[in-house]
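Asks: Let me give you the structure first, and then I'll get to my questions.
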Amino acid sequence: MIKQSSTWSMSRRRMLKAVAVAAGCALLPGGSAFAGEPWKGSREEEDFLDDLERQGCLFFWEQGSPTTGQVLDRARHDLKGARDPRRMASIAATGFGLTALCIADKRGYLPHAQIVERVRTTLHWHLNSFPEVHGFFYHFSDIETGQRVSGVELSSIDTSLLLCGILTAKAYFDDPQIQSLAQQIYERVDWPWMLNGGKTFSMGWHPDKGFLSARWKKYCELMMIYLLAIGSPTHPVAAECWNSFTRPVIHYNGLSYISGDDPLFTHQYSQAWYDFRGKRDAYADYFENSVTATRAHKAFCLSYPQWYSEDYWGITASDYEGGYTAWGGPPAQGPLDGSVVPAAAAGSLPFLPADCLSVLRSMRSKWGKQAWGRYGFVDAFHPAANWYDPDVLGIDQGPSVMMAENLRSGLVWTTFMRNRESVSAMQKAGFHGQGL
């Protein structure tokens, strides 16, 4: 069982501060987490983040299969410890889940031996039993059998999300079996195949239709795909591929930043693992770019005062009353209706700690009885419409948990960057700066 919250002793706080110093987490004058002094939160802020992480990690534990290690794409927030009867697992959620298990181990939320066994099982099953093509996996599958959900593509981005979780586990656990299994899964991926003769990656492949025509060719969450591929020790792509995707610039409310007109999560996913702090390539400092993107997103939300305020803002791809949608801004995207998505602020915690913590704490304080359940915040809610999503989603819980921990200690960043391939890929792509 996940351990319940307890008061923090001074020795515990000193230990966390030491970890943060080692991780290089601090505050710039602009309010983002950076290098130098650790982030210093109040007792109340630390307790809130600990609740968010503990309960988020519980989702990945309870809604994961002990047999395969796969994690459900979504689950109800009121299950009281049972697994949701739905059977559709997501390889992206599984990647986030492996990372969450590292956090749960570091924080002592679960017994170490049980976590190690789950991670070993997950990696063994994904290496030896889960259907793959050229090392890539299907986006959705049956949680126990691994059978592909009908019509689902072999996904380059979701395979990458899984691989990031796998490589985090490899670097975190001092376990030869985990390290060997993880490396074999990574080395099996045939990255040039997914280029399909082009300079940018295809978004996926269907067994009956072949490669998707859509490509990862414009800045978004795609950075992890290119860096994983460039860093591959067995099937790499040329470093020049890093220059193949475009980097359009958005101008909003006096702010300018690289963005692909996509929801806010696109500025969070790759940065949940890769440590871009204090580094830049020929184009940008992507960490500061995400700081600016988060500022712009908050300003965009507040430009709708009939819906949003300092205590209620944040939209990213999520559920809404009509189903699942990709929405946000700027510019305005999707069926905006005044709903809020807690993962928007939670996934940006290291970028704007004060703003994001303030709105998340305010939302729990005001609507926690309806919007906060066993796994923390529900995926989205709209108090004025009396709508509270019954579900939580793995792809929103994951970055929320990880970025909360990155703010507090930098654990995910420092762990993931211990993989030599992560550093090598950034160097080959032309990055320079701290840690390279």
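We label chains A, B, ... in the order they appear in the structure tokens, count residues from 1 in each chain, and number ligands from 1 in the order shown.
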Name the residues of region 48-149 of chain A that fall into alpha helix (DSSP H) according to DSSP on the backbone, using the chain letters and numbers of this document, as a PyMOL selection string.

Replies: chain A and resi 48-62+91-107+112-128

Asks: Just the residues within 8 Å of Ala425 (chain A), please, counting only C-alpha atoms, with nothing from its chain fewer than 5 positions along; format it as a PyMOL selection string.

Replies: chain A and resi 227-228+230-231+239

Asks: Can you spit out the residues from that selection as a PDB file, in the first residue's frame, using N, CA and C atoms?

Replies:
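The new file result21.pdb reads:
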ATOM      1  N   LEU A 227      16.011  12.710 -30.317  1.00  0.00           N
ATOM      2  CA  LEU A 227      17.159  12.494 -29.444  1.00  0.00           C
ATOM      3  C   LEU A 227      17.370  11.020 -29.143  1.00  0.00           C
ATOM      4  N   LEU A 228      16.298  10.269 -28.926  1.00  0.00           N
ATOM      5  CA  LEU A 228      16.441   8.823 -28.725  1.00  0.00           C
ATOM      6  C   LEU A 228      17.062   8.174 -29.958  1.00  0.00           C
ATOM      7  N   ILE A 230      18.924   9.656 -32.424  1.00  0.00           N
ATOM      8  CA  ILE A 230      20.303  10.099 -32.634  1.00  0.00           C
ATOM      9  C   ILE A 230      21.244   9.399 -31.654  1.00  0.00           C
ATOM     10  N   GLY A 231      20.773   9.154 -30.442  1.00  0.00           N
ATOM     11  CA  GLY A 231      21.615   8.532 -29.415  1.00  0.00           C
ATOM     12  C   GLY A 231      21.664   7.019 -29.457  1.00  0.00           C
ATOM     13  N   ALA A 239      22.759  12.851 -37.096  1.00  0.00           N
ATOM     14  CA  ALA A 239      22.521  14.002 -36.218  1.00  0.00           C
ATOM     15  C   ALA A 239      21.830  15.134 -36.953  1.00  0.00           C
TER      16      ALA A 239
END

Asks: Could you tell me how far CA of Gln271 (chain A) sits from CA of Met194 (chain A), in Å to one decimal place?

Replies: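 We find that CA of Met194 (chain A) and CA of Gln271 (chain A) lie 22.6 Å from each other.
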
Asks: Quick one: everything within 10 Å of Thr292 (chain A), counting only C-alpha atoms, minus sequence neighbours fewer than 2 positions away in the same chain. Send it as a count of residues only.

Replies: 17

Asks: Using only C-alpha atoms, what table do you get, as CSV, when you list each residue of region 22-104 of chain A with an atom no more than 12 Å from region 330-347 of chain A, its nearest pair of atoms, and their distance in Å rounded to one decimal, rows by chain then rising number?

Replies:
residue,atom,partner,partner_atom,distance
A:Phe48,CA,A:Ala346,CA,11.5
A:Leu49,CA,A:Ala346,CA,9.6
A:Leu52,CA,A:Ala346,CA,9.2
A:Glu53,CA,A:Ala346,CA,10.5
A:Gly56,CA,A:Ala343,CA,11.3

Asks: Would you export the selected residues with C-alpha atoms as a PDB file, in the first residue's frame, please?

Replies:
ATOM      1  CA  PHE A  48       0.631  19.515  -1.460  1.00  0.00           C
ATOM      2  CA  LEU A  49       3.262  18.285  -3.923  1.00  0.00           C
ATOM      3  CA  LEU A  52      -0.016  15.017  -5.710  1.00  0.00           C
ATOM      4  CA  GLU A  53       2.934  12.682  -6.293  1.00  0.00           C
ATOM      5  CA  GLY A  56      -0.460   9.972  -8.791  1.00  0.00           C
TER       6      GLY A  56
END

Asks: List the spatial neighbours of region 157-164 of chain A as number ranges by chain - criterion: any atom at most 9 Å away, only C-alpha atoms, same-chain residues fewer than 4 positions off excluded.

Replies: A: 90-99, 135-139, 168-169, 182, 185-186, 203-204, 216, 221-222, 224-225, 228, 269-270, 273-274, 416

Asks: Would you put the residues from that selection into a file with N, CA and C atoms, as a short mmCIF file (atom, residue, chain, number, x, y, z; two decimals), in the first residue's frame?

Replies:
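Dumped to result-v5.cif:
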data_model
loop_
_atom_site.label_atom_id
_atom_site.label_comp_id
_atom_site.auth_asym_id
_atom_site.auth_seq_id
_atom_site.Cartn_x
_atom_site.Cartn_y
_atom_site.Cartn_z
N SER A 90 -2.04 1.60 -22.45
CA SER A 90 -1.34 2.58 -23.30
C SER A 90 0.16 2.44 -23.06
N ILE A 91 0.94 2.31 -24.14
CA ILE A 91 2.38 2.24 -23.94
C ILE A 91 2.94 3.56 -23.41
N ALA A 92 2.27 4.66 -23.73
CA ALA A 92 2.70 5.95 -23.17
C ALA A 92 2.48 5.97 -21.66
N ALA A 93 1.31 5.54 -21.22
CA ALA A 93 1.03 5.49 -19.79
C ALA A 93 2.01 4.55 -19.08
N THR A 94 2.39 3.47 -19.75
CA THR A 94 3.34 2.53 -19.15
C THR A 94 4.71 3.20 -18.99
N GLY A 95 5.13 3.99 -19.98
CA GLY A 95 6.39 4.72 -19.85
C GLY A 95 6.37 5.71 -18.71
N PHE A 96 5.28 6.45 -18.59
CA PHE A 96 5.13 7.35 -17.45
C PHE A 96 5.11 6.55 -16.15
N GLY A 97 4.47 5.39 -16.19
CA GLY A 97 4.36 4.57 -14.99
C GLY A 97 5.70 4.05 -14.50
N LEU A 98 6.58 3.62 -15.41
CA LEU A 98 7.90 3.18 -14.99
C LEU A 98 8.66 4.30 -14.30
N THR A 99 8.53 5.51 -14.82
CA THR A 99 9.18 6.65 -14.18
C THR A 99 8.55 6.94 -12.82
N GLY A 135 11.05 -3.09 -33.41
CA GLY A 135 11.27 -2.53 -32.09
C GLY A 135 10.23 -1.53 -31.64
N PHE A 136 9.31 -1.15 -32.52
CA PHE A 136 8.24 -0.21 -32.17
C PHE A 136 7.01 -0.97 -31.70
N PHE A 137 6.20 -0.32 -30.86
CA PHE A 137 5.03 -0.95 -30.26
C PHE A 137 3.74 -0.27 -30.70
N TYR A 138 2.65 -1.02 -30.63
CA TYR A 138 1.33 -0.47 -30.93
C TYR A 138 0.88 0.42 -29.77
N HIS A 139 0.19 1.47 -30.13
CA HIS A 139 -0.22 2.50 -29.18
C HIS A 139 -1.06 1.94 -28.03
N THR A 168 14.76 5.49 -17.85
CA THR A 168 14.80 6.04 -16.48
C THR A 168 14.97 4.91 -15.48
N ALA A 169 14.21 3.84 -15.66
CA ALA A 169 14.33 2.69 -14.76
C ALA A 169 15.74 2.08 -14.84
N ALA A 182 16.37 -3.39 -20.15
CA ALA A 182 16.09 -2.05 -20.67
C ALA A 182 16.96 -1.74 -21.88
N ILE A 185 15.79 -3.59 -25.03
CA ILE A 185 14.59 -3.00 -25.64
C ILE A 185 14.95 -1.77 -26.45
N TYR A 186 15.79 -0.92 -25.90
CA TYR A 186 16.21 0.31 -26.59
C TYR A 186 17.01 -0.02 -27.84
N MET A 203 4.67 9.35 -38.25
CA MET A 203 3.97 9.24 -36.97
C MET A 203 3.60 7.80 -36.63
N GLY A 204 3.67 6.91 -37.62
CA GLY A 204 3.36 5.53 -37.29
C GLY A 204 3.21 4.65 -38.51
N TRP A 216 6.43 13.79 -38.11
CA TRP A 216 6.84 14.66 -37.02
C TRP A 216 7.80 15.70 -37.60
N GLU A 221 6.03 17.85 -28.99
CA GLU A 221 6.64 16.88 -28.09
C GLU A 221 7.65 15.98 -28.78
N LEU A 222 7.92 16.21 -30.06
CA LEU A 222 8.75 15.34 -30.88
C LEU A 222 10.22 15.28 -30.48
N MET A 224 11.93 14.19 -28.09
CA MET A 224 12.40 12.92 -27.55
C MET A 224 12.61 11.89 -28.65
N ILE A 225 11.78 11.88 -29.67
CA ILE A 225 11.95 10.91 -30.76
C ILE A 225 13.31 11.10 -31.41
N LEU A 228 16.30 10.27 -28.93
CA LEU A 228 16.44 8.82 -28.73
C LEU A 228 17.06 8.17 -29.96
N TYR A 269 6.28 17.23 -22.37
CA TYR A 269 6.58 15.80 -22.42
C TYR A 269 8.08 15.51 -22.52
N SER A 270 8.75 16.03 -23.54
CA SER A 270 10.18 15.74 -23.68
C SER A 270 10.96 16.28 -22.50
N TRP A 273 11.74 14.38 -19.06
CA TRP A 273 12.89 13.48 -18.95
C TRP A 273 14.21 14.17 -19.31
N TYR A 274 14.29 14.72 -20.51
CA TYR A 274 15.54 15.36 -20.94
C TYR A 274 15.73 16.67 -20.18
N PHE A 416 17.58 10.32 -15.67
CA PHE A 416 17.52 10.03 -17.10
C PHE A 416 18.82 10.43 -17.80
#

Asks: Report the distance between CA of Gly368 (chain A) and CA of Tyr388 (chain A) in Å, rounded to one decimal place.

Replies: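 If I compute the distance from CA of Gly368 (chain A) to CA of Tyr388 (chain A), I get 10.6 Å.
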
Asks: So how far away is CA of His77 (chain A) from CA of Trp313 (chain A), in Å?

Replies: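 Calculated distance between CA of Trp313 (chain A) and CA of His77 (chain A) is 21.5 Å.
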
Asks: Choose the residue, out of A:Leu79, A:Leu181, A:Leu360, A:Ile143, that has the smallest atom-to-atom separation from Thr121 (chain A); count only C-alpha atoms.

Replies: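 Closest to Thr121 (chain A), using only C-alpha atoms: A:Leu181.
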
Asks: Restricting the calculation to only C-alpha atoms: of A:Ala284, A:Ala214, A:Ile315, A:Ala326, which residue gets closest to Pro248 (chain A)?

Replies: A:Ala284

Asks: So which one's closest to Trp242 (chain A), A:Gln55, A:Gln397, A:Asn128, A:Gln427? Using only C-alpha atoms, please.

Replies: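 Selected residue with least distance to Trp242 (chain A): A:Gln427.
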
Asks: Calculated over only C-alpha atoms, which of the candidates A:Ala75, A:Val392, A:Ala104, A:Val291 has the smallest distance to Leu411 (chain A)?

Replies: A:Ala104

Asks: Taking only C-alpha atoms into account, which of A:Leu167, A:Val119, A:Ala100, A:Met88 comes nearest Phe59 (chain A)?

Replies: A:Ala100

Asks: Which residue is closest to Asp389 (chain A)? Choose from A:Pro350, A:Gly329, A:Cys220, A:Asp78 and count only C-alpha atoms.

Replies: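 Checking each of A:Pro350, A:Gly329, A:Cys220, A:Asp78 against Asp389 (chain A), counting only C-alpha atoms, the winner is A:Asp78.
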
Asks: Near Gly430 (chain A), within 7 Å and counting only C-alpha atoms, which residues show up once chain neighbours fewer than 4 positions away are dropped, as an mmCIF file with C-alpha atoms, in the first residue's frame?

Replies:
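Listing of part.cif after writing:
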data_model
loop_
_atom_site.group_PDB
_atom_site.id
_atom_site.type_symbol
_atom_site.label_atom_id
_atom_site.label_comp_id
_atom_site.auth_asym_id
_atom_site.auth_seq_id
_atom_site.Cartn_x
_atom_site.Cartn_y
_atom_site.Cartn_z
ATOM 1 C CA ASP A 281 21.283 24.359 -29.563
ATOM 2 C CA ALA A 282 21.528 26.510 -32.678
ATOM 3 C CA MET A 426 22.266 16.194 -27.170
#
